[in-house]
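Visitor: Dumping the structure here so I can ask a few things about it.
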Amino acid sequence: MTQAEIKLCSLLLQEHFGEIVEKIGVHLIRTGSQPLRVIAHDTATSLDQVKKALCVLIQHNLVIYQVHKRGVVEYEAQCSRVLRVLRYPRYIYTAKTLYNDTGELIVEELLLNGKMTMSAVVKKVADRLTETMEDGKTMDYAEVANIFVRLADTHFVQRCPLVPATENSDPGPPPPAPTLVINEKDMYLVPKLSLIGKGKRRRSSEDEATGEPKAKRPKHTPDNKEPIPDDGIYWQANLDRFHQHFRDQAIVSAVANRMDQIVRSLPVGYNISKQVLDQYLTLLADDPLEFVGKSGDSGGGMYVINLHKVLGSLATATLESVVQERFGSRCARIFRLVLQKKHLEQKQVEDFAMIPAKEAKDMLYKMLSENFISLQEIPKTPDHAPSRTFYLYTVNILSAARMLLHRCYKSIANLIERRQFETKENKRLLEKSQRVEAIIASMQATGAEEAQLQEIEEMITAPERQQLETLKRNVNKLDASEIQVDETIFLLESYIESTVKR
């Protein structure tokens, strides 16, 4: 766990969950697994606050717990899971792309709340969609439930582990912490619910003006007469499935960029004749990058996607792009050359790249000092005398990818800090703008005249309006940069994970 990762986790926890949760979370990331009382003592936080913070972290899968032999429960932070908070906007946008606004809101609710029952999600999403509809229109619970079922069928949402029924019926003393289990075949099994109803709008001021207390109002909804049908069956977003989707899309884009002529000539849909399909598959299999491999010839052969090579190519392309942006096109030429030839002496680099000796030396040392390339010593004699040693430049893609990943974490932390600084500097102006917008919204609801609304809008002066526009533009740029850097992080993490598994 590097300092850059710990700092980024700290910023994410503080931004999304507040200072107390951040303090407990970062303490666990730094120290490893610890029992409750030790956490409270080391962080100088009351036991009650530590319990609440741990509840929040466990609810969002950011902390796990384990019962040891002596009955001591230890809590351990999941740093990699905390860093996934950064990718929440991308998960939500993907759900919107695949399953429209309903899918977007379902995934958003699950990410915001950590774990929820299907019935609670359906009702909340239906209410939110009804709020955005025209007067008189409502969203049916059944429509939202159908999208939820489709998300479960495609494994974008999954059930959370449960306390087994045998544990509840055991007459002995209860365990210090429940053991949660789930059968793999039940992970995507949607309970059969008869959710009948429509989304509700928030009560208007006219409804509240009756003065009747909420407790005394008649309860017409059937939900209040019977228990929740799926009580205890909680759902969460399946982040691994989203990652699989991102990876697949990156591979498709890489192949499309590599073979744009082929992709453009493909017919729309899957109606391709066997002869044409064989030609395309052979072309992909013969490509030097080896994205697609062929094994055997029986039945026309079996074609497989070589995931490791694809991810390696994507990571290499990312490194080349960074070298070009950071050091220029000549350095990128040298980097690609060393990458292609595997090992080269300095004189060979100068000759192959056709760059003067002095420039080539400067460029090689720049990239060496930044850890994009490495130097390998091959001695002719056991004494390692410099005069009798070959010095070969090489690119260790795994090492360079780890270095770049570390820098990406630092970059994201800097972007978040800059965004927070920009917002803090203009806090007074933002609050004023929000107050004015709230006044205008309430006046529009009561049917105020245009002249009155204009007068309220003029409370924000022209220079203040310009300052707000500049702030909005800057924050949008920072947000976009965070998402772009996270895309690079995803590619590098996927490659590193794939390499380590091998």
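In the structure tokens, each chain is lettered A, B, ... as it comes, each chain's residues begin at 1, and ligands are numbered from 1 in order of appearance.
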Determine which residues of range 8-158 of chain A DSSP labels as alpha helix (DSSP H) from the backbone of this structure, then write them out as a PyMOL selection string.
Guide: chain A and resi 8-17+19-31+36-43+47-59+79-83+88-113+118-132+141-153
Visitor: Mind checking which residues fall within 10 Å of Thr117 in chain A, counting only C-alpha atoms, ignoring those fewer than 2 positions away in the same chain, and posting them as a PyMOL selection string?
Guide: chain A and resi 110+115+119-122+159-160+228-236
Visitor: Would you please work out which residue, of A:Val276, A:Ile6, A:Val26, A:Ala95, is nearest to His245 in chain A when using only C-alpha atoms?
Guide: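 Among the listed residues, A:Ala95 lies closest to His245 in chain A.
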Visitor: Report as a tab-separated table: every residue of range 3-88 of chain A with an atom at most 12 Å from range 415-424 of chain A, its closest pair of atoms, and their distance in Å to one decimal, counting only C-alpha atoms, with rows sorted by chain and ascending residue number.
Guide:
```
residue	atom	partner	partner_atom	distance
A:Lys7	CA	A:Glu417	CA	10.6
A:Leu8	CA	A:Ile416	CA	8.7
A:Cys9	CA	A:Ile416	CA	11.3
A:Ser10	CA	A:Ile416	CA	11.1
A:Leu11	CA	A:Ile416	CA	7.5
A:Leu12	CA	A:Ile416	CA	8.6
A:Leu13	CA	A:Ile416	CA	11.9
A:Gln14	CA	A:Ile416	CA	11.2
A:Glu15	CA	A:Gln420	CA	9.2
A:Leu86	CA	A:Ile416	CA	10.3
```
Visitor: Would you put the residues from that selection into a file with N, CA, C and O atoms, as a PDB file, in the first residue's frame?
Guide:
```
ATOM      1  N   LYS A   7      -3.424   8.301   0.591  1.00  0.00           N
ATOM      2  CA  LYS A   7      -3.900   9.690   0.523  1.00  0.00           C
ATOM      3  C   LYS A   7      -5.189   9.779  -0.289  1.00  0.00           C
ATOM      4  O   LYS A   7      -6.137  10.475   0.089  1.00  0.00           O
ATOM      5  N   LEU A   8      -5.227   9.060  -1.417  1.00  0.00           N
ATOM      6  CA  LEU A   8      -6.419   9.073  -2.263  1.00  0.00           C
ATOM      7  C   LEU A   8      -7.614   8.451  -1.535  1.00  0.00           C
ATOM      8  O   LEU A   8      -8.727   8.975  -1.592  1.00  0.00           O
ATOM      9  N   CYS A   9      -7.375   7.342  -0.817  1.00  0.00           N
ATOM     10  CA  CYS A   9      -8.447   6.718  -0.012  1.00  0.00           C
ATOM     11  C   CYS A   9      -8.981   7.702   1.024  1.00  0.00           C
ATOM     12  O   CYS A   9     -10.194   7.809   1.241  1.00  0.00           O
ATOM     13  N   SER A  10      -8.065   8.432   1.654  1.00  0.00           N
ATOM     14  CA  SER A  10      -8.444   9.414   2.672  1.00  0.00           C
ATOM     15  C   SER A  10      -9.351  10.491   2.078  1.00  0.00           C
ATOM     16  O   SER A  10     -10.397  10.833   2.649  1.00  0.00           O
ATOM     17  N   LEU A  11      -8.964  11.012   0.904  1.00  0.00           N
ATOM     18  CA  LEU A  11      -9.754  12.069   0.259  1.00  0.00           C
ATOM     19  C   LEU A  11     -11.135  11.557  -0.146  1.00  0.00           C
ATOM     20  O   LEU A  11     -12.141  12.253   0.026  1.00  0.00           O
ATOM     21  N   LEU A  12     -11.182  10.332  -0.671  1.00  0.00           N
ATOM     22  CA  LEU A  12     -12.463   9.763  -1.105  1.00  0.00           C
ATOM     23  C   LEU A  12     -13.394   9.507   0.071  1.00  0.00           C
ATOM     24  O   LEU A  12     -14.593   9.811   0.015  1.00  0.00           O
ATOM     25  N   LEU A  13     -12.848   8.952   1.160  1.00  0.00           N
ATOM     26  CA  LEU A  13     -13.668   8.676   2.348  1.00  0.00           C
ATOM     27  C   LEU A  13     -14.194   9.970   2.964  1.00  0.00           C
ATOM     28  O   LEU A  13     -15.352  10.041   3.374  1.00  0.00           O
ATOM     29  N   GLN A  14     -13.336  10.983   3.025  1.00  0.00           N
ATOM     30  CA  GLN A  14     -13.754  12.257   3.627  1.00  0.00           C
ATOM     31  C   GLN A  14     -14.840  12.924   2.777  1.00  0.00           C
ATOM     32  O   GLN A  14     -15.821  13.442   3.309  1.00  0.00           O
ATOM     33  N   GLU A  15     -14.672  12.879   1.450  1.00  0.00           N
ATOM     34  CA  GLU A  15     -15.620  13.544   0.557  1.00  0.00           C
ATOM     35  C   GLU A  15     -16.989  12.873   0.572  1.00  0.00           C
ATOM     36  O   GLU A  15     -18.015  13.535   0.498  1.00  0.00           O
ATOM     37  N   LEU A  86     -14.112   6.018  -6.746  1.00  0.00           N
ATOM     38  CA  LEU A  86     -13.719   6.943  -7.813  1.00  0.00           C
ATOM     39  C   LEU A  86     -14.432   6.624  -9.127  1.00  0.00           C
ATOM     40  O   LEU A  86     -14.664   7.504  -9.952  1.00  0.00           O
TER      41      LEU A  86
END
```
Visitor: Using only C-alpha atoms, find the one residue out of A:Val157, A:Leu468, A:Leu111, A:Ala315 that sits nearest to Ala250 in chain A.
Guide: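 Under the stated criterion, the closest residue is A:Ala315.
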Visitor: Restricting the calculation to only C-alpha atoms: of A:Ile29, A:Leu193, A:Val67, A:Ile24, which residue gets closest to Cys55 in chain A?
Guide: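 Looking only at the distances to Cys55 in chain A, the closest residue turns out to be A:Ile24.
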Visitor: Using DSSP on the backbone coordinates, identify the residues of range 61-255 of chain A assigned to strand (DSSP E); present them as a PyMOL selection string.
Guide: chain A and resi 63-67+73-77+116-117+157-159+234-237
Visitor: Please produce an output containing N, CA, C and O atoms for each residue in the selection, written as an mmCIF file, in the first residue's frame.
Guide:
```cif
data_model
loop_
_atom_site.group_PDB
_atom_site.id
_atom_site.type_symbol
_atom_site.label_atom_id
_atom_site.label_comp_id
_atom_site.auth_asym_id
_atom_site.auth_seq_id
_atom_site.Cartn_x
_atom_site.Cartn_y
_atom_site.Cartn_z
ATOM 1 N N VAL A 63 -15.171 -2.302 4.433
ATOM 2 C CA VAL A 63 -14.516 -2.993 5.553
ATOM 3 C C VAL A 63 -15.139 -4.382 5.676
ATOM 4 O O VAL A 63 -16.347 -4.538 5.512
ATOM 5 N N ILE A 64 -14.297 -5.368 5.955
ATOM 6 C CA ILE A 64 -14.802 -6.719 6.242
ATOM 7 C C ILE A 64 -14.410 -7.076 7.675
ATOM 8 O O ILE A 64 -13.502 -6.450 8.245
ATOM 9 N N TYR A 65 -15.094 -8.060 8.256
ATOM 10 C CA TYR A 65 -14.749 -8.481 9.622
ATOM 11 C C TYR A 65 -14.523 -9.985 9.642
ATOM 12 O O TYR A 65 -14.987 -10.719 8.767
ATOM 13 N N GLN A 66 -13.786 -10.411 10.653
ATOM 14 C CA GLN A 66 -13.458 -11.827 10.773
ATOM 15 C C GLN A 66 -13.457 -12.211 12.250
ATOM 16 O O GLN A 66 -12.914 -11.476 13.082
ATOM 17 N N VAL A 67 -14.069 -13.350 12.571
ATOM 18 C CA VAL A 67 -14.095 -13.836 13.953
ATOM 19 C C VAL A 67 -12.939 -14.804 14.147
ATOM 20 O O VAL A 67 -12.807 -15.782 13.411
ATOM 21 N N VAL A 73 -13.495 -10.250 17.331
ATOM 22 C CA VAL A 73 -13.850 -9.813 15.977
ATOM 23 C C VAL A 73 -12.867 -8.724 15.536
ATOM 24 O O VAL A 73 -12.701 -7.720 16.233
ATOM 25 N N GLU A 74 -12.209 -8.952 14.418
ATOM 26 C CA GLU A 74 -11.267 -7.960 13.881
ATOM 27 C C GLU A 74 -11.807 -7.394 12.579
ATOM 28 O O GLU A 74 -12.383 -8.119 11.766
ATOM 29 N N TYR A 75 -11.582 -6.084 12.399
ATOM 30 C CA TYR A 75 -12.082 -5.376 11.213
ATOM 31 C C TYR A 75 -10.910 -5.015 10.318
ATOM 32 O O TYR A 75 -9.867 -4.563 10.793
ATOM 33 N N GLU A 76 -11.103 -5.196 9.010
ATOM 34 C CA GLU A 76 -10.023 -4.937 8.050
ATOM 35 C C GLU A 76 -10.557 -4.105 6.886
ATOM 36 O O GLU A 76 -11.599 -4.425 6.311
ATOM 37 N N ALA A 77 -9.847 -3.022 6.542
ATOM 38 C CA ALA A 77 -10.270 -2.149 5.436
ATOM 39 C C ALA A 77 -9.888 -2.765 4.094
ATOM 40 O O ALA A 77 -8.865 -3.428 3.979
ATOM 41 N N MET A 116 -29.374 -2.756 -0.516
ATOM 42 C CA MET A 116 -30.812 -2.459 -0.403
ATOM 43 C C MET A 116 -31.611 -3.672 -0.844
ATOM 44 O O MET A 116 -31.132 -4.488 -1.633
ATOM 45 N N THR A 117 -32.855 -3.776 -0.340
ATOM 46 C CA THR A 117 -33.752 -4.830 -0.836
ATOM 47 C C THR A 117 -34.306 -4.392 -2.191
ATOM 48 O O THR A 117 -34.366 -3.195 -2.495
ATOM 49 N N VAL A 157 -26.122 -6.602 -11.038
ATOM 50 C CA VAL A 157 -26.436 -6.528 -9.600
ATOM 51 C C VAL A 157 -26.467 -7.961 -9.067
ATOM 52 O O VAL A 157 -26.774 -8.894 -9.810
ATOM 53 N N GLN A 158 -26.135 -8.115 -7.788
ATOM 54 C CA GLN A 158 -26.104 -9.459 -7.198
ATOM 55 C C GLN A 158 -26.568 -9.406 -5.752
ATOM 56 O O GLN A 158 -26.537 -8.351 -5.108
ATOM 57 N N ARG A 159 -26.984 -10.573 -5.263
ATOM 58 C CA ARG A 159 -27.415 -10.671 -3.862
ATOM 59 C C ARG A 159 -26.233 -10.556 -2.920
ATOM 60 O O ARG A 159 -25.112 -10.964 -3.249
ATOM 61 N N TYR A 234 -30.870 -8.772 0.469
ATOM 62 C CA TYR A 234 -30.276 -7.498 0.060
ATOM 63 C C TYR A 234 -29.461 -7.659 -1.219
ATOM 64 O O TYR A 234 -28.907 -8.721 -1.501
ATOM 65 N N TRP A 235 -29.409 -6.555 -1.975
ATOM 66 C CA TRP A 235 -28.707 -6.549 -3.264
ATOM 67 C C TRP A 235 -27.620 -5.484 -3.268
ATOM 68 O O TRP A 235 -27.700 -4.492 -2.542
ATOM 69 N N GLN A 236 -26.603 -5.701 -4.093
ATOM 70 C CA GLN A 236 -25.518 -4.730 -4.255
ATOM 71 C C GLN A 236 -25.080 -4.716 -5.720
ATOM 72 O O GLN A 236 -25.370 -5.650 -6.474
ATOM 73 N N ALA A 237 -24.384 -3.657 -6.113
ATOM 74 C CA ALA A 237 -23.857 -3.582 -7.480
ATOM 75 C C ALA A 237 -22.668 -4.542 -7.601
ATOM 76 O O ALA A 237 -21.840 -4.618 -6.697
#
```
Visitor: Just to confirm, what's the straight-line distance from CA of Arg402 in chain A to CA of Arg336 in chain A in Å (one decimal)?
Guide: 18.6 Å
Visitor: List the neighbours of range 396-400 of chain A out to 8 Å using only C-alpha atoms; skip same-chain residues closer than 2 positions along the sequence, and give me the result as a compact mmCIF listing (two decimals) with N, CA and C atoms, in the first residue's frame.
Guide:
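To be explicit, this is the file written out as result_10.txt:
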```
# COMPACT_ATOMS: atom_id res chain seq x y z
N ALA A 315 -1.79 -1.58 -22.39
CA ALA A 315 -0.88 -0.96 -21.41
C ALA A 315 0.33 -0.35 -22.12
N THR A 316 0.87 -1.05 -23.13
CA THR A 316 2.02 -0.55 -23.88
C THR A 316 1.66 0.72 -24.64
N LEU A 319 1.60 3.57 -22.21
CA LEU A 319 2.96 4.01 -21.86
C LEU A 319 3.57 4.84 -23.00
N ASN A 371 12.07 6.12 -14.84
CA ASN A 371 11.71 4.69 -14.74
C ASN A 371 10.82 4.17 -15.87
N PHE A 372 10.84 4.85 -17.03
CA PHE A 372 10.12 4.32 -18.18
C PHE A 372 10.93 3.22 -18.87
N ILE A 373 12.25 3.33 -18.84
CA ILE A 373 13.10 2.26 -19.33
C ILE A 373 14.10 1.90 -18.23
N SER A 374 14.70 0.73 -18.34
CA SER A 374 15.66 0.29 -17.31
C SER A 374 16.96 -0.14 -17.98
N THR A 394 16.43 -1.61 -21.81
CA THR A 394 15.27 -2.46 -22.03
C THR A 394 14.03 -1.81 -21.39
N ARG A 402 3.41 -0.21 -13.23
CA ARG A 402 3.23 0.04 -11.78
C ARG A 402 3.63 1.47 -11.42
N MET A 403 4.73 1.93 -12.02
CA MET A 403 5.18 3.30 -11.76
C MET A 403 4.14 4.31 -12.24
N LEU A 404 3.60 4.08 -13.45
CA LEU A 404 2.60 4.99 -14.01
C LEU A 404 1.30 4.95 -13.20
N ILE A 496 -1.80 -5.34 -14.93
CA ILE A 496 -1.00 -5.82 -13.81
C ILE A 496 -1.62 -7.07 -13.19
N THR A 499 -1.10 -10.03 -15.46
CA THR A 499 0.30 -10.50 -15.45
C THR A 499 0.62 -11.26 -14.17
```
Visitor: I'd like the interatomic distance between CA of His308 in chain A and CA of Phe291 in chain A, to a tenth of an Å.
Guide: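 Straight-line distance from CA of His308 in chain A to CA of Phe291 in chain A works out to 8.9 Å.
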Visitor: Just the residues within 12 Å of Glu457 in chain A, please, counting only C-alpha atoms, with nothing from its chain fewer than 2 positions along; format it as a PDB file with N, CA, C and O atoms, in the first residue's frame.
Guide:
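File written: out_20.pdb
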```pdb
ATOM      1  N   LYS A 432     -24.851  31.775  -1.995  1.00  0.00           N
ATOM      2  CA  LYS A 432     -25.744  32.850  -2.452  1.00  0.00           C
ATOM      3  C   LYS A 432     -26.508  32.414  -3.694  1.00  0.00           C
ATOM      4  O   LYS A 432     -27.725  32.615  -3.801  1.00  0.00           O
ATOM      5  N   SER A 433     -25.807  31.781  -4.631  1.00  0.00           N
ATOM      6  CA  SER A 433     -26.431  31.306  -5.870  1.00  0.00           C
ATOM      7  C   SER A 433     -27.515  30.267  -5.573  1.00  0.00           C
ATOM      8  O   SER A 433     -28.596  30.296  -6.168  1.00  0.00           O
ATOM      9  N   GLN A 434     -27.239  29.366  -4.643  1.00  0.00           N
ATOM     10  CA  GLN A 434     -28.213  28.333  -4.272  1.00  0.00           C
ATOM     11  C   GLN A 434     -29.451  28.941  -3.630  1.00  0.00           C
ATOM     12  O   GLN A 434     -30.582  28.511  -3.894  1.00  0.00           O
ATOM     13  N   ARG A 435     -29.231  29.972  -2.786  1.00  0.00           N
ATOM     14  CA  ARG A 435     -30.373  30.644  -2.129  1.00  0.00           C
ATOM     15  C   ARG A 435     -31.262  31.319  -3.170  1.00  0.00           C
ATOM     16  O   ARG A 435     -32.490  31.213  -3.113  1.00  0.00           O
ATOM     17  N   VAL A 436     -30.619  31.990  -4.131  1.00  0.00           N
ATOM     18  CA  VAL A 436     -31.377  32.694  -5.182  1.00  0.00           C
ATOM     19  C   VAL A 436     -32.165  31.691  -6.024  1.00  0.00           C
ATOM     20  O   VAL A 436     -33.343  31.911  -6.331  1.00  0.00           O
ATOM     21  N   GLU A 437     -31.536  30.578  -6.376  1.00  0.00           N
ATOM     22  CA  GLU A 437     -32.221  29.542  -7.172  1.00  0.00           C
ATOM     23  C   GLU A 437     -33.409  28.964  -6.413  1.00  0.00           C
ATOM     24  O   GLU A 437     -34.472  28.698  -7.013  1.00  0.00           O
ATOM     25  N   ALA A 438     -33.256  28.774  -5.103  1.00  0.00           N
ATOM     26  CA  ALA A 438     -34.351  28.235  -4.278  1.00  0.00           C
ATOM     27  C   ALA A 438     -35.517  29.221  -4.217  1.00  0.00           C
ATOM     28  O   ALA A 438     -36.694  28.816  -4.317  1.00  0.00           O
ATOM     29  N   ILE A 439     -35.201  30.505  -4.088  1.00  0.00           N
ATOM     30  CA  ILE A 439     -36.260  31.539  -4.039  1.00  0.00           C
ATOM     31  C   ILE A 439     -37.012  31.569  -5.366  1.00  0.00           C
ATOM     32  O   ILE A 439     -38.245  31.610  -5.400  1.00  0.00           O
ATOM     33  N   ILE A 440     -36.264  31.538  -6.479  1.00  0.00           N
ATOM     34  CA  ILE A 440     -36.892  31.575  -7.815  1.00  0.00           C
ATOM     35  C   ILE A 440     -37.790  30.360  -8.020  1.00  0.00           C
ATOM     36  O   ILE A 440     -38.915  30.481  -8.521  1.00  0.00           O
ATOM     37  N   ALA A 441     -37.303  29.178  -7.602  1.00  0.00           N
ATOM     38  CA  ALA A 441     -38.089  27.948  -7.765  1.00  0.00           C
ATOM     39  C   ALA A 441     -39.394  28.016  -6.985  1.00  0.00           C
ATOM     40  O   ALA A 441     -40.458  27.634  -7.492  1.00  0.00           O
ATOM     41  N   MET A 443     -40.971  30.767  -6.025  1.00  0.00           N
ATOM     42  CA  MET A 443     -41.839  31.807  -6.610  1.00  0.00           C
ATOM     43  C   MET A 443     -42.497  31.315  -7.899  1.00  0.00           C
ATOM     44  O   MET A 443     -43.654  31.636  -8.170  1.00  0.00           O
ATOM     45  N   GLU A 450     -43.105  37.587 -14.215  1.00  0.00           N
ATOM     46  CA  GLU A 450     -41.762  37.605 -14.801  1.00  0.00           C
ATOM     47  C   GLU A 450     -40.896  38.723 -14.209  1.00  0.00           C
ATOM     48  O   GLU A 450     -39.700  38.557 -13.988  1.00  0.00           O
ATOM     49  N   ALA A 451     -41.510  39.881 -13.965  1.00  0.00           N
ATOM     50  CA  ALA A 451     -40.774  41.034 -13.427  1.00  0.00           C
ATOM     51  C   ALA A 451     -40.214  40.727 -12.034  1.00  0.00           C
ATOM     52  O   ALA A 451     -39.084  41.110 -11.696  1.00  0.00           O
ATOM     53  N   GLN A 452     -41.007  40.023 -11.225  1.00  0.00           N
ATOM     54  CA  GLN A 452     -40.550  39.644  -9.877  1.00  0.00           C
ATOM     55  C   GLN A 452     -39.372  38.673  -9.952  1.00  0.00           C
ATOM     56  O   GLN A 452     -38.402  38.806  -9.203  1.00  0.00           O
ATOM     57  N   LEU A 453     -39.480  37.709 -10.862  1.00  0.00           N
ATOM     58  CA  LEU A 453     -38.393  36.738 -11.026  1.00  0.00           C
ATOM     59  C   LEU A 453     -37.116  37.424 -11.500  1.00  0.00           C
ATOM     60  O   LEU A 453     -36.013  37.103 -11.038  1.00  0.00           O
ATOM     61  N   GLN A 454     -37.287  38.392 -12.423  1.00  0.00           N
ATOM     62  CA  GLN A 454     -36.129  39.136 -12.949  1.00  0.00           C
ATOM     63  C   GLN A 454     -35.429  39.897 -11.827  1.00  0.00           C
ATOM     64  O   GLN A 454     -34.203  39.955 -11.756  1.00  0.00           O
ATOM     65  N   GLU A 455     -36.240  40.460 -10.938  1.00  0.00           N
ATOM     66  CA  GLU A 455     -35.694  41.237  -9.816  1.00  0.00           C
ATOM     67  C   GLU A 455     -34.861  40.346  -8.880  1.00  0.00           C
ATOM     68  O   GLU A 455     -33.798  40.757  -8.397  1.00  0.00           O
ATOM     69  N   MET A 459     -30.193  39.840  -8.075  1.00  0.00           N
ATOM     70  CA  MET A 459     -29.459  39.833  -6.794  1.00  0.00           C
ATOM     71  C   MET A 459     -28.016  39.360  -7.002  1.00  0.00           C
ATOM     72  O   MET A 459     -27.124  39.697  -6.235  1.00  0.00           O
ATOM     73  N   ILE A 460     -27.791  38.524  -8.043  1.00  0.00           N
ATOM     74  CA  ILE A 460     -26.420  38.113  -8.402  1.00  0.00           C
ATOM     75  C   ILE A 460     -25.936  39.057  -9.489  1.00  0.00           C
ATOM     76  O   ILE A 460     -26.509  39.135 -10.580  1.00  0.00           O
ATOM     77  N   THR A 461     -24.883  39.806  -9.198  1.00  0.00           N
ATOM     78  CA  THR A 461     -24.368  40.817 -10.132  1.00  0.00           C
ATOM     79  C   THR A 461     -23.663  40.153 -11.316  1.00  0.00           C
ATOM     80  O   THR A 461     -23.336  38.960 -11.279  1.00  0.00           O
ATOM     81  N   ALA A 462     -23.386  40.960 -12.348  1.00  0.00           N
ATOM     82  CA  ALA A 462     -22.723  40.437 -13.560  1.00  0.00           C
ATOM     83  C   ALA A 462     -21.337  39.850 -13.269  1.00  0.00           C
ATOM     84  O   ALA A 462     -21.017  38.751 -13.741  1.00  0.00           O
ATOM     85  N   GLU A 464     -20.294  38.574 -10.465  1.00  0.00           N
ATOM     86  CA  GLU A 464     -20.507  37.330  -9.701  1.00  0.00           C
ATOM     87  C   GLU A 464     -20.954  36.193 -10.621  1.00  0.00           C
ATOM     88  O   GLU A 464     -20.507  35.054 -10.490  1.00  0.00           O
ATOM     89  N   ARG A 465     -21.807  36.543 -11.586  1.00  0.00           N
ATOM     90  CA  ARG A 465     -22.291  35.531 -12.540  1.00  0.00           C
ATOM     91  C   ARG A 465     -21.128  34.991 -13.386  1.00  0.00           C
ATOM     92  O   ARG A 465     -21.029  33.787 -13.650  1.00  0.00           O
TER      93      ARG A 465
END
```
Visitor: Contacts of Ala360 in chain A at 10 Å or less, counting only C-alpha atoms, minus same-chain residues fewer than 3 places along, as a tab-separated table (two decimals) with C-alpha atoms, in the first residue's frame?
Guide:
```
chain	number	residue	atom	x	y	z
A	330	ARG	CA	11.79	11.59	-30.59
A	331	CYS	CA	11.74	10.01	-27.13
A	334	ILE	CA	13.41	5.57	-28.97
A	346	GLN	CA	23.36	3.04	-26.51
A	347	LYS	CA	25.26	3.00	-29.85
A	349	VAL	CA	19.84	3.10	-30.20
A	350	GLU	CA	21.61	6.02	-31.90
A	351	ASP	CA	22.01	4.07	-35.18
A	353	ALA	CA	16.67	5.68	-34.26
A	354	MET	CA	18.87	7.91	-36.51
A	355	ILE	CA	19.27	10.46	-33.72
A	356	PRO	CA	22.60	12.23	-32.89
A	357	ALA	CA	24.60	10.62	-30.06
A	363	MET	CA	16.69	11.18	-24.01
A	364	LEU	CA	17.68	7.73	-22.74
A	365	TYR	CA	18.83	9.17	-19.39
A	366	LYS	CA	15.61	11.20	-19.06
```
Visitor: When you draw a straight line from CA of Val125 in chain A to CA of Leu162 in chain A, how long is it in Å?
Guide: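 Distance between the two atoms: 24.2 Å.
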